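As stored in coords29.pdb (PDB, C-alpha atoms):
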ATOM      1  CA  MET A   1     141.310  68.438  -5.595
ATOM      2  CA  THR A   2     143.401  70.458  -7.996
ATOM      3  CA  ASP A   3     142.129  71.599 -11.406
ATOM      4  CA  MET A   4     145.661  71.708 -12.764
ATOM      5  CA  PRO A   5     146.338  69.300 -15.662
ATOM      6  CA  PHE A   6     148.916  66.612 -14.947
ATOM      7  CA  ASP A   7     151.637  68.028 -17.197
ATOM      8  CA  GLN A   8     151.420  71.413 -15.462
ATOM      9  CA  GLN A   9     151.606  69.684 -12.081
ATOM     10  CA  VAL A  10     154.801  67.950 -13.177
ATOM     11  CA  ILE A  11     156.293  71.253 -14.352
ATOM     12  CA  THR A  12     155.335  72.984 -11.082
ATOM     13  CA  ILE A  13     156.963  70.257  -8.992
ATOM     14  CA  ALA A  14     160.030  70.201 -11.267
ATOM     15  CA  LEU A  15     160.440  73.979 -10.922
ATOM     16  CA  CYS A  16     160.314  73.723  -7.121
ATOM     17  CA  ALA A  17     163.012  71.052  -7.279
ATOM     18  CA  LEU A  18     165.041  73.134  -9.749
ATOM     19  CA  GLY A  19     164.856  76.268  -7.566
ATOM     20  CA  THR A  20     165.989  74.263  -4.533
ATOM     21  CA  MET A  21     168.857  72.622  -6.379
ATOM     22  CA  LEU A  22     170.047  75.904  -7.880
ATOM     23  CA  THR A  23     170.462  77.373  -4.391
ATOM     24  CA  ARG A  24     172.265  74.252  -3.161
ATOM     25  CA  PHE A  25     174.600  73.732  -6.129
ATOM     26  CA  LEU A  26     175.366  77.325  -7.145
ATOM     27  CA  PRO A  27     178.249  77.994  -4.700
ATOM     28  CA  PHE A  28     179.923  74.750  -5.763
ATOM     29  CA  LEU A  29     179.450  75.492  -9.458
ATOM     30  CA  LEU A  30     180.907  78.978  -9.016
ATOM     31  CA  PHE A  31     183.824  78.304  -6.668
ATOM     32  CA  SER A  32     184.701  74.642  -6.836
ATOM     33  CA  GLY A  33     186.706  74.606 -10.018
ATOM     34  CA  LYS A  34     190.450  74.481 -10.426
ATOM     35  CA  LYS A  35     190.851  78.105  -9.382
ATOM     36  CA  ALA A  36     191.311  78.922  -5.706
ATOM     37  CA  THR A  37     188.242  80.203  -3.857
ATOM     38  CA  PRO A  38     188.290  84.039  -3.643
ATOM     39  CA  PRO A  39     189.400  85.220  -0.171
ATOM     40  CA  PHE A  40     186.129  86.996   0.627
ATOM     41  CA  ILE A  41     184.174  83.796  -0.044
ATOM     42  CA  GLN A  42     186.576  81.876   2.204
ATOM     43  CA  TYR A  43     185.971  84.510   4.843
ATOM     44  CA  LEU A  44     182.182  84.204   4.445
ATOM     45  CA  GLY A  45     182.473  80.419   4.707
ATOM     46  CA  LYS A  46     183.896  80.893   8.184
ATOM     47  CA  ALA A  47     181.816  83.887   9.271
ATOM     48  CA  LEU A  48     178.395  82.749   8.062
ATOM     49  CA  PRO A  49     177.662  79.497   9.942
ATOM     50  CA  CYS A  50     177.274  80.940  13.436
ATOM     51  CA  ALA A  51     175.133  83.786  12.077
ATOM     52  CA  VAL A  52     173.063  81.267  10.122
ATOM     53  CA  PHE A  53     172.427  79.054  13.164
ATOM     54  CA  ALA A  54     171.197  82.135  15.023
ATOM     55  CA  MET A  55     168.954  82.910  12.063
ATOM     56  CA  LEU A  56     167.534  79.364  12.046
ATOM     57  CA  VAL A  57     166.625  79.595  15.732
ATOM     58  CA  VAL A  58     164.804  82.878  15.103
ATOM     59  CA  TYR A  59     163.146  81.320  12.041
ATOM     60  CA  CYS A  60     161.766  78.458  14.166
ATOM     61  CA  LEU A  61     160.354  80.978  16.643
ATOM     62  CA  LYS A  62     159.076  83.496  14.096
ATOM     63  CA  ASP A  63     155.372  82.880  14.760
ATOM     64  CA  VAL A  64     155.598  83.240  18.545
ATOM     65  CA  LYS A  65     153.391  86.116  19.707
ATOM     66  CA  LEU A  66     154.844  87.871  22.735
ATOM     67  CA  LEU A  67     151.874  90.161  23.253
ATOM     68  CA  SER A  68     149.040  87.636  22.983
ATOM     69  CA  GLY A  69     148.220  83.951  23.501
ATOM     70  CA  SER A  70     150.762  82.271  25.748
ATOM     71  CA  HIS A  71     153.251  85.173  25.361
ATOM     72  CA  GLY A  72     156.060  82.841  24.285
ATOM     73  CA  ILE A  73     156.316  81.384  27.800
ATOM     74  CA  PRO A  74     156.264  77.694  26.688
ATOM     75  CA  GLU A  75     158.940  78.422  24.068
ATOM     76  CA  ALA A  76     161.115  80.276  26.565
ATOM     77  CA  LEU A  77     160.800  77.504  29.177
ATOM     78  CA  GLY A  78     161.384  74.761  26.601
ATOM     79  CA  LEU A  79     164.534  76.457  25.335
ATOM     80  CA  ALA A  80     165.807  77.259  28.828
ATOM     81  CA  VAL A  81     165.463  73.613  29.874
ATOM     82  CA  THR A  82     167.057  72.382  26.628
ATOM     83  CA  LEU A  83     170.095  74.630  26.978
ATOM     84  CA  ALA A  84     170.431  74.074  30.739
ATOM     85  CA  LEU A  85     170.342  70.278  30.283
ATOM     86  CA  ARG A  86     172.972  70.591  27.555
ATOM     87  CA  GLN A  87     175.254  72.624  29.856
ATOM     88  CA  TRP A  88     174.685  70.325  32.801
ATOM     89  CA  LYS A  89     174.668  66.838  31.301
ATOM     90  CA  GLY A  90     176.415  67.514  28.005
ATOM     91  CA  GLN A  91     174.032  65.114  26.273
ATOM     92  CA  MET A  92     172.620  66.537  23.082
ATOM     93  CA  LEU A  93     169.754  64.049  22.632
ATOM     94  CA  LEU A  94     168.704  64.133  26.268
ATOM     95  CA  SER A  95     168.544  67.915  26.298
ATOM     96  CA  ILE A  96     166.542  68.117  23.041
ATOM     97  CA  ALA A  97     164.127  65.433  24.277
ATOM     98  CA  GLY A  98     163.780  67.061  27.715
ATOM     99  CA  GLY A  99     163.014  70.492  26.297
ATOM    100  CA  THR A 100     160.570  69.113  23.736
ATOM    101  CA  VAL A 101     158.639  66.963  26.233
ATOM    102  CA  LEU A 102     158.324  69.911  28.609
ATOM    103  CA  TYR A 103     157.120  72.108  25.751
ATOM    104  CA  MET A 104     154.535  69.520  24.663
ATOM    105  CA  VAL A 105     153.219  69.128  28.206
ATOM    106  CA  LEU A 106     152.964  72.914  28.541
ATOM    107  CA  VAL A 107     151.079  73.538  25.300
ATOM    108  CA  GLN A 108     148.794  70.537  25.825
ATOM    109  CA  THR A 109     147.883  71.250  29.462
ATOM    110  CA  VAL A 110     148.780  74.562  31.105
ATOM    111  CA  PHE A 111     148.552  76.611  27.908
ATOM    112  CA  GLY A 112     146.216  74.232  26.050
TER     113      GLY A 112
ATOM    114  CA  MET B   1     184.356  51.473   7.311
ATOM    115  CA  LYS B   2     180.748  52.058   6.238
ATOM    116  CA  ARG B   3     179.370  50.314   9.319
ATOM    117  CA  LYS B   4     181.479  52.456  11.627
ATOM    118  CA  ALA B   5     180.403  55.641   9.850
ATOM    119  CA  PHE B   6     176.750  54.606  10.013
ATOM    120  CA  LEU B   7     176.944  53.903  13.740
ATOM    121  CA  ALA B   8     178.646  57.261  14.320
ATOM    122  CA  ALA B   9     176.097  59.135  12.197
ATOM    123  CA  PHE B  10     172.870  57.543  13.413
ATOM    124  CA  PRO B  11     172.647  59.056  16.936
ATOM    125  CA  HIS B  12     173.130  62.546  15.500
ATOM    126  CA  THR B  13     170.033  62.082  13.336
ATOM    127  CA  LEU B  14     167.636  60.923  16.079
ATOM    128  CA  PRO B  15     166.150  64.360  16.865
ATOM    129  CA  ILE B  16     165.622  64.773  13.149
ATOM    130  CA  PHE B  17     163.871  61.419  12.998
ATOM    131  CA  ALA B  18     161.318  62.719  15.510
ATOM    132  CA  GLY B  19     160.991  66.098  13.844
ATOM    133  CA  PHE B  20     160.878  64.882  10.260
ATOM    134  CA  TRP B  21     158.399  62.130  10.942
ATOM    135  CA  PHE B  22     156.120  64.610  12.607
ATOM    136  CA  LEU B  23     156.489  67.288   9.932
ATOM    137  CA  GLY B  24     156.527  64.718   7.118
ATOM    138  CA  LEU B  25     153.327  63.131   8.411
ATOM    139  CA  ALA B  26     151.724  66.551   8.689
ATOM    140  CA  TYR B  27     152.760  67.320   5.127
ATOM    141  CA  GLY B  28     151.456  63.987   3.802
ATOM    142  CA  ILE B  29     148.158  64.470   5.636
ATOM    143  CA  LEU B  30     147.851  67.964   4.179
ATOM    144  CA  MET B  31     148.394  66.588   0.662
ATOM    145  CA  HIS B  32     145.876  63.832   1.333
ATOM    146  CA  SER B  33     143.239  66.281   2.519
ATOM    147  CA  ALA B  34     143.875  68.438  -0.567
ATOM    148  CA  GLY B  35     142.921  65.416  -2.681
ATOM    149  CA  PHE B  36     146.344  64.182  -3.811
ATOM    150  CA  SER B  37     147.298  60.500  -3.762
ATOM    151  CA  PHE B  38     150.294  59.421  -1.655
ATOM    152  CA  TRP B  39     152.476  59.333  -4.773
ATOM    153  CA  TYR B  40     152.581  63.123  -4.656
ATOM    154  CA  PRO B  41     154.023  63.636  -1.159
ATOM    155  CA  MET B  42     156.328  60.668  -1.743
ATOM    156  CA  PHE B  43     157.690  61.927  -5.020
ATOM    157  CA  MET B  44     157.793  65.579  -3.961
ATOM    158  CA  SER B  45     159.588  64.882  -0.687
ATOM    159  CA  MET B  46     162.137  62.848  -2.618
ATOM    160  CA  THR B  47     162.865  65.409  -5.342
ATOM    161  CA  ILE B  48     162.337  68.790  -3.670
ATOM    162  CA  PHE B  49     163.571  67.711  -0.202
ATOM    163  CA  GLY B  50     163.137  71.052   1.513
ATOM    164  CA  GLY B  51     160.350  71.154   4.058
ATOM    165  CA  SER B  52     158.992  74.686   3.937
ATOM    166  CA  LEU B  53     158.879  74.840   0.141
ATOM    167  CA  GLU B  54     156.927  71.573  -0.043
ATOM    168  CA  PHE B  55     154.186  73.044   2.101
ATOM    169  CA  ILE B  56     154.111  76.045  -0.239
ATOM    170  CA  ALA B  57     154.075  73.715  -3.260
ATOM    171  CA  VAL B  58     150.717  72.320  -2.098
ATOM    172  CA  ARG B  59     149.277  75.808  -2.473
ATOM    173  CA  LEU B  60     150.984  76.284  -5.850
ATOM    174  CA  LEU B  61     149.435  73.047  -7.140
ATOM    175  CA  LEU B  62     145.978  74.176  -6.067
ATOM    176  CA  SER B  63     146.321  77.615  -7.715
ATOM    177  CA  PRO B  64     146.374  78.441 -11.440
ATOM    178  CA  PHE B  65     149.554  77.370 -13.259
ATOM    179  CA  ALA B  66     152.257  80.039 -12.819
ATOM    180  CA  PRO B  67     155.682  78.661 -13.764
ATOM    181  CA  LEU B  68     157.706  81.851 -13.374
ATOM    182  CA  GLN B  69     156.171  82.633  -9.999
ATOM    183  CA  THR B  70     156.832  79.050  -8.915
ATOM    184  CA  LEU B  71     160.524  79.324  -9.748
ATOM    185  CA  VAL B  72     160.896  82.747  -8.100
ATOM    186  CA  VAL B  73     159.147  81.587  -4.922
ATOM    187  CA  SER B  74     161.363  78.485  -4.816
ATOM    188  CA  LEU B  75     164.534  80.541  -5.174
ATOM    189  CA  LEU B  76     163.463  83.028  -2.493
ATOM    190  CA  VAL B  77     162.322  80.411   0.014
ATOM    191  CA  GLN B  78     165.455  78.328  -0.487
ATOM    192  CA  ALA B  79     168.003  81.162  -0.793
ATOM    193  CA  ARG B  80     169.547  80.381   2.609
ATOM    194  CA  HIS B  81     171.048  77.215   1.098
ATOM    195  CA  LEU B  82     173.515  79.459  -0.742
ATOM    196  CA  PHE B  83     175.080  80.141   2.662
ATOM    197  CA  TYR B  84     175.345  76.428   3.447
ATOM    198  CA  GLY B  85     177.141  75.795   0.176
ATOM    199  CA  ILE B  86     179.632  78.586   0.859
ATOM    200  CA  ALA B  87     180.340  77.140   4.316
ATOM    201  CA  MET B  88     180.781  73.624   2.927
ATOM    202  CA  LEU B  89     182.980  74.461  -0.091
ATOM    203  CA  ASP B  90     186.148  73.155   1.532
ATOM    204  CA  ARG B  91     184.623  70.293   3.479
ATOM    205  CA  PHE B  92     183.070  68.698   0.410
ATOM    206  CA  ARG B  93     186.322  68.946  -1.539
ATOM    207  CA  GLY B  94     187.636  65.614  -2.745
ATOM    208  CA  MET B  95     184.417  63.738  -1.935
ATOM    209  CA  GLY B  96     184.202  62.328  -5.456
ATOM    210  CA  TRP B  97     180.870  60.726  -6.362
ATOM    211  CA  LYS B  98     179.516  61.425  -2.885
ATOM    212  CA  LYS B  99     179.697  65.172  -3.438
ATOM    213  CA  PRO B 100     176.659  65.648  -5.744
ATOM    214  CA  TYR B 101     174.466  63.676  -3.345
ATOM    215  CA  LEU B 102     175.773  65.582  -0.298
ATOM    216  CA  ILE B 103     174.893  68.854  -2.049
ATOM    217  CA  PHE B 104     171.518  67.580  -3.279
ATOM    218  CA  GLY B 105     170.476  66.478   0.211
ATOM    219  CA  MET B 106     171.784  69.474   2.153
ATOM    220  CA  CYS B 107     168.637  70.689   3.930
ATOM    221  CA  ASP B 108     168.876  72.902   7.050
ATOM    222  CA  GLU B 109     169.093  69.945   9.412
ATOM    223  CA  THR B 110     171.625  67.971   7.392
ATOM    224  CA  PHE B 111     173.858  71.014   6.978
ATOM    225  CA  SER B 112     173.672  71.789  10.696
ATOM    226  CA  ILE B 113     174.811  68.298  11.663
ATOM    227  CA  ASN B 114     177.423  67.874   8.962
ATOM    228  CA  TYR B 115     178.914  71.273   9.764
ATOM    229  CA  THR B 116     179.019  70.996  13.564
ATOM    230  CA  ALA B 117     179.376  67.283  14.412
ATOM    231  CA  ASP B 118     182.705  66.238  15.871
ATOM    232  CA  ILE B 119     183.421  63.292  13.618
ATOM    233  CA  PRO B 120     185.845  60.905  15.384
ATOM    234  CA  PRO B 121     189.213  60.763  13.601
ATOM    235  CA  ASP B 122     188.879  57.031  12.856
ATOM    236  CA  VAL B 123     185.518  57.500  11.116
ATOM    237  CA  ASP B 124     185.429  58.188   7.381
ATOM    238  CA  ARG B 125     184.124  61.754   6.987
ATOM    239  CA  GLY B 126     182.604  61.219   3.562
ATOM    240  CA  TRP B 127     180.557  58.214   4.614
ATOM    241  CA  PHE B 128     179.539  59.893   7.876
ATOM    242  CA  MET B 129     178.067  62.834   5.957
ATOM    243  CA  VAL B 130     176.458  60.574   3.350
ATOM    244  CA  PHE B 131     174.702  58.576   6.088
ATOM    245  CA  VAL B 132     173.500  61.711   7.876
ATOM    246  CA  THR B 133     172.080  62.974   4.578
ATOM    247  CA  LEU B 134     170.577  59.632   3.582
ATOM    248  CA  LEU B 135     168.980  58.941   6.985
ATOM    249  CA  ASN B 136     167.438  62.414   7.117
ATOM    250  CA  GLN B 137     166.040  62.051   3.640
ATOM    251  CA  PHE B 138     164.689  58.606   4.499
ATOM    252  CA  TYR B 139     162.903  60.000   7.585
ATOM    253  CA  TRP B 140     161.368  62.815   5.578
ATOM    254  CA  VAL B 141     160.236  60.704   2.610
ATOM    255  CA  SER B 142     158.845  57.888   4.771
ATOM    256  CA  GLY B 143     156.987  60.349   7.004
ATOM    257  CA  ALA B 144     155.464  62.169   4.041
ATOM    258  CA  THR B 145     154.477  58.914   2.325
ATOM    259  CA  LEU B 146     152.886  57.503   5.472
ATOM    260  CA  GLY B 147     150.989  60.743   6.000
ATOM    261  CA  GLY B 148     149.723  60.555   2.438
ATOM    262  CA  LEU B 149     148.667  56.918   2.884
ATOM    263  CA  ALA B 150     147.127  57.081   6.329
ATOM    264  CA  GLY B 151     145.623  60.531   5.884
ATOM    265  CA  GLY B 152     143.091  61.250   8.564
ATOM    266  CA  LEU B 153     143.450  57.883  10.328
ATOM    267  CA  LEU B 154     146.154  59.136  12.658
ATOM    268  CA  GLN B 155     144.746  60.557  15.838
ATOM    269  CA  PHE B 156     147.221  61.104  18.630
ATOM    270  CA  ASN B 157     148.130  64.245  20.427
ATOM    271  CA  THR B 158     151.342  65.447  18.842
ATOM    272  CA  LYS B 159     150.719  69.095  19.589
ATOM    273  CA  GLY B 160     154.045  70.801  20.193
ATOM    274  CA  LEU B 161     156.222  68.007  18.790
ATOM    275  CA  SER B 162     157.642  70.275  16.099
ATOM    276  CA  PHE B 163     159.482  72.058  18.924
ATOM    277  CA  VAL B 164     162.070  69.298  18.573
ATOM    278  CA  MET B 165     163.493  71.202  15.580
ATOM    279  CA  THR B 166     163.665  74.478  17.512
ATOM    280  CA  ALA B 167     165.426  72.728  20.390
ATOM    281  CA  MET B 168     167.886  71.070  18.023
ATOM    282  CA  PHE B 169     168.844  74.294  16.262
ATOM    283  CA  ALA B 170     169.199  76.020  19.638
ATOM    284  CA  VAL B 171     171.596  73.322  20.871
ATOM    285  CA  ILE B 172     173.567  73.472  17.624
ATOM    286  CA  PHE B 173     173.795  77.253  17.941
ATOM    287  CA  GLN B 174     174.979  76.936  21.542
ATOM    288  CA  GLU B 175     177.557  74.354  20.466
ATOM    289  CA  GLN B 176     178.897  76.506  17.652
ATOM    290  CA  LEU B 177     179.030  79.514  19.963
ATOM    291  CA  LYS B 178     181.295  77.584  22.328
ATOM    292  CA  LYS B 179     183.634  76.600  19.493
ATOM    293  CA  GLU B 180     184.089  80.095  18.083
ATOM    294  CA  LYS B 181     186.667  82.397  19.632
ATOM    295  CA  GLN B 182     184.730  85.512  18.683
ATOM    296  CA  LYS B 183     181.017  86.025  19.365
ATOM    297  CA  THR B 184     180.521  88.813  16.823
ATOM    298  CA  THR B 185     179.130  86.654  14.008
ATOM    299  CA  ALA B 186     176.557  85.116  16.361
ATOM    300  CA  ALA B 187     175.494  88.583  17.485
ATOM    301  CA  VAL B 188     175.233  89.726  13.868
ATOM    302  CA  GLY B 189     173.026  86.751  12.989
ATOM    303  CA  LEU B 190     170.783  87.192  15.997
ATOM    304  CA  GLY B 191     170.558  90.969  15.662
ATOM    305  CA  CYS B 192     169.800  91.029  11.933
ATOM    306  CA  SER B 193     167.168  88.271  12.245
ATOM    307  CA  LEU B 194     165.349  89.943  15.135
ATOM    308  CA  VAL B 195     165.409  93.437  13.623
ATOM    309  CA  CYS B 196     164.165  92.139  10.254
ATOM    310  CA  LEU B 197     161.485  90.017  11.939
ATOM    311  CA  LEU B 198     160.211  93.141  13.686
ATOM    312  CA  LEU B 199     160.393  95.265  10.531
ATOM    313  CA  PHE B 200     159.107  92.819   7.904
ATOM    314  CA  GLY B 201     157.015  90.330   9.871
ATOM    315  CA  PRO B 202     157.198  86.518  10.058
ATOM    316  CA  ASP B 203     156.300  85.827   6.406
ATOM    317  CA  SER B 204     158.861  87.945   4.616
ATOM    318  CA  PHE B 205     161.823  88.582   6.929
ATOM    319  CA  MET B 206     164.215  85.908   5.660
ATOM    320  CA  ILE B 207     165.503  87.600   2.504
ATOM    321  CA  PRO B 208     166.142  90.966   4.232
ATOM    322  CA  THR B 209     167.787  89.024   7.060
ATOM    323  CA  MET B 210     170.156  87.236   4.709
ATOM    324  CA  VAL B 211     171.029  90.411   2.821
ATOM    325  CA  SER B 212     171.732  92.311   6.043
ATOM    326  CA  ILE B 213     173.808  89.477   7.539
ATOM    327  CA  LEU B 214     175.875  89.391   4.370
ATOM    328  CA  ALA B 215     176.325  93.183   4.353
ATOM    329  CA  VAL B 216     177.281  93.455   8.019
ATOM    330  CA  LEU B 217     179.698  90.517   7.874
ATOM    331  CA  LEU B 218     181.412  91.997   4.816
ATOM    332  CA  LEU B 219     181.684  95.382   6.561
ATOM    333  CA  LEU B 220     183.262  93.711   9.583
ATOM    334  CA  ARG B 221     185.668  91.627   7.527
ATOM    335  CA  ASN B 222     188.873  93.473   8.428
ATOM    336  CA  LYS B 223     188.059  93.536  12.108
ATOM    337  CA  LEU B 224     187.056  89.860  12.246
ATOM    338  CA  GLU B 225     190.038  88.682  10.247
ATOM    339  CA  LYS B 226     192.347  90.556  12.619
ATOM    340  CA  GLU B 227     190.683  88.704  15.469
ATOM    341  CA  GLY B 228     191.591  85.497  13.657
ATOM    342  CA  ILE B 229     188.173  84.163  12.702
TER     343      ILE B 229
END
Can you turn what I pasted into structure tokens?
Amino acid sequence: MTDMPFDQQVITIALCALGTMLTRFLPFLLFSGKKATPPFIQYLGKALPCAVFAMLVVYCLKDVKLLSGSHGIPEALGLAVTLALRQWKGQMLLSIAGGTVLYMVLVQTVFG
Amino acid sequence: MKRKAFLAAFPHTLPIFAGFWFLGLAYGILMHSAGFSFWYPMFMSMTIFGGSLEFIAVRLLLSPFAPLQTLVVSLLVQARHLFYGIAMLDRFRGMGWKKPYLIFGMCDETFSINYTADIPPDVDRGWFMVFVTLLNQFYWVSGATLGGLAGGLLQFNTKGLSFVMTAMFAVIFQEQLKKEKQKTTAAVGLGCSLVCLLLFGPDSFMIPTMVSILAVLLLLRNKLEKEGI
């Protein structure tokens, strides 16, 4: 149990919420007014998403250890099956479910 | 109009339902085992609504009170949302009262769907995005609350279930890659993330990654704009 008094808990939680909301609202506060969005921000709006999705995939896999444990094999197989199913069947949900079930079976049995 | 938008939005959120319930439960259980009542995960998941920071917040609540550090950590952990806002500037234009809520609820998963989903032309875009946001938040809050309530009662083998998020982001990345004429931005994102992960390690590579992505993309601006990005 925490030793922190209730008012300090409330402030801590409020600051976490404030930090989150600042990062979400800031671009809109800066560039959403009557003035047109500066061209380099428009450019970033188009250039960033694909880079960001790549970053999110790496972020999800950041704790995979290639040199020890299961050497990232379950992750690699899970992703390969997910992406192959997506190419083959074109069904987003089916491919995510297929890859995840395979991954769960692998980490619970073969690599358990 | 709302019904149609809801029915169009719901299937897109199903992987997130699985992922958020799992992660939300885990978060609620963690709070429970740290001695907090279920009101905490419920209220925190509602107001902070950003998974990784909420796990960190548990540690902050158990440590001595440090307001400045709390704010700095929040800003650093959540900095990637700045990129989502920049990408959504035009798409949220003219959304009226829906806009503040769409911005408030724009976590990684919600942004990914709202940015990439092919919304049918006869479906209202504003309502579609509101329902995606609302459903995702509902999954997260209900999972966290249940975890806080049930605590240690839940015993089933969910090992590996969080991979659903990895798989979803991978599919979204693949999808976006197909849509884009150029592959440079994808390569920049992948390259910067991997190099920074190697250099800075899993706990502190995100900020250097974001800075380097930004720098490289700005350096390549002329080239990419000529290619008609």
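Between atom CA of Cys192 of chain B and atom CA of Thr209 of chain B lies a distance of 5.6 Å.
Excluding segment 29-44 of chain A itself and same-chain residues fewer than 6 positions from it, the residues having an atom within 10 Å of it are A:Leu22, B:Phe83, B:Gly85, B:Ile86, B:Ala87, B:Leu89, B:Asp90, B:Phe92, B:Arg93, B:Leu214, B:Leu217, B:Leu218, B:Arg221, B:Leu224, B:Glu225, B:Ile229, counting all atoms listed in the file.
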Counting all atoms listed in the file, what is within 8 Å of segment 99-105 of chain A, bar same-chain residues fewer than 4 positions away, as a list in words?
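With the cut-off at 8 Å, the set is Pro74, Glu75, Leu77, Gly78, Leu79, Ala80, Val81, Thr82, Ser95, Thr109 and Val110 of chain A; Thr158, Lys159, Gly160, Leu161, Phe163, Val164 and Ala167 of chain B.
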Give me the residues of chain A that have any atom at most 6 Å from an atom of chain B; for each, the nearest atom pair and the distance in Å, rounded to one decimal. Use all atoms listed in the file, sort by chain and number, and format it as JSON lines.
{"residue": "A:Met1", "atom": "CA", "partner": "B:Gly35", "partner_atom": "CA", "distance": 4.5}
{"residue": "A:Thr2", "atom": "CA", "partner": "B:Leu62", "partner_atom": "CA", "distance": 4.9}
{"residue": "A:Leu15", "atom": "CA", "partner": "B:Leu71", "partner_atom": "CA", "distance": 5.5}
{"residue": "A:Cys16", "atom": "CA", "partner": "B:Ser74", "partner_atom": "CA", "distance": 5.4}
{"residue": "A:Ala17", "atom": "CA", "partner": "B:Ile48", "partner_atom": "CA", "distance": 4.3}
{"residue": "A:Gly19", "atom": "CA", "partner": "B:Leu75", "partner_atom": "CA", "distance": 4.9}
{"residue": "A:Thr20", "atom": "CA", "partner": "B:Gln78", "partner_atom": "CA", "distance": 5.8}
{"residue": "A:Thr23", "atom": "CA", "partner": "B:Leu82", "partner_atom": "CA", "distance": 5.2}
{"residue": "A:Arg24", "atom": "CA", "partner": "B:His81", "partner_atom": "CA", "distance": 5.3}
{"residue": "A:Pro27", "atom": "CA", "partner": "B:Gly85", "partner_atom": "CA", "distance": 5.5}
{"residue": "A:Gly45", "atom": "CA", "partner": "B:Ala87", "partner_atom": "CA", "distance": 3.9}
{"residue": "A:Cys50", "atom": "CA", "partner": "B:Ala186", "partner_atom": "CA", "distance": 5.1}
{"residue": "A:Ala51", "atom": "CA", "partner": "B:Gly189", "partner_atom": "CA", "distance": 3.7}
{"residue": "A:Phe53", "atom": "CA", "partner": "B:Phe173", "partner_atom": "CA", "distance": 5.3}
{"residue": "A:Ala54", "atom": "CA", "partner": "B:Leu190", "partner_atom": "CA", "distance": 5.2}
{"residue": "A:Met55", "atom": "CA", "partner": "B:Ser193", "partner_atom": "CA", "distance": 5.7}
{"residue": "A:Val57", "atom": "CA", "partner": "B:Phe169", "partner_atom": "CA", "distance": 5.8}
{"residue": "A:Cys60", "atom": "CA", "partner": "B:Thr166", "partner_atom": "CA", "distance": 5.5}
{"residue": "A:Lys62", "atom": "CA", "partner": "B:Pro202", "partner_atom": "CA", "distance": 5.4}
{"residue": "A:Ile96", "atom": "CA", "partner": "B:Ala167", "partner_atom": "CA", "distance": 5.4}
{"residue": "A:Thr100", "atom": "CA", "partner": "B:Val164", "partner_atom": "CA", "distance": 5.4}
{"residue": "A:Met104", "atom": "CA", "partner": "B:Gly160", "partner_atom": "CA", "distance": 4.7}
Counting all atoms listed in the file, what is within 12 Å of Arg3 of chain B, bar same-chain residues fewer than 6 positions away, as a ChimeraX atom specification?
/B:9-10,123-124,127-128,131
Got a minute to add N, CA, C and O atoms to segment 41-49 of chain A and dump it as a short mmCIF file (atom, residue, chain, number, x, y, z; two decimals), in the coordinates of the input?
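Written out: selection.cif:
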data_model
loop_
_atom_site.label_atom_id
_atom_site.label_comp_id
_atom_site.auth_asym_id
_atom_site.auth_seq_id
_atom_site.Cartn_x
_atom_site.Cartn_y
_atom_site.Cartn_z
N ILE A 41 185.09 84.94 -0.18
CA ILE A 41 184.17 83.80 -0.04
C ILE A 41 184.68 82.86 1.06
O ILE A 41 183.91 82.34 1.86
N GLN A 42 186.00 82.68 1.12
CA GLN A 42 186.58 81.88 2.20
C GLN A 42 186.22 82.49 3.56
O GLN A 42 185.86 81.78 4.50
N TYR A 43 186.33 83.81 3.60
CA TYR A 43 185.97 84.51 4.84
C TYR A 43 184.51 84.27 5.19
O TYR A 43 184.16 83.93 6.33
N LEU A 44 183.61 84.43 4.20
CA LEU A 44 182.18 84.20 4.44
C LEU A 44 181.91 82.76 4.89
O LEU A 44 181.07 82.52 5.75
N GLY A 45 182.64 81.81 4.32
CA GLY A 45 182.47 80.42 4.71
C GLY A 45 182.71 80.21 6.19
O GLY A 45 182.10 79.36 6.82
N LYS A 46 183.61 81.02 6.75
CA LYS A 46 183.90 80.89 8.18
C LYS A 46 182.98 81.78 9.03
O LYS A 46 182.64 81.43 10.16
N ALA A 47 182.60 82.92 8.48
CA ALA A 47 181.82 83.89 9.27
C ALA A 47 180.32 83.56 9.26
O ALA A 47 179.62 83.85 10.23
N LEU A 48 179.84 82.96 8.19
CA LEU A 48 178.40 82.75 8.06
C LEU A 48 177.78 81.72 9.02
O LEU A 48 176.70 81.99 9.57
N PRO A 49 178.40 80.54 9.22
CA PRO A 49 177.66 79.50 9.94
C PRO A 49 177.05 79.93 11.27
O PRO A 49 175.87 79.70 11.51
#
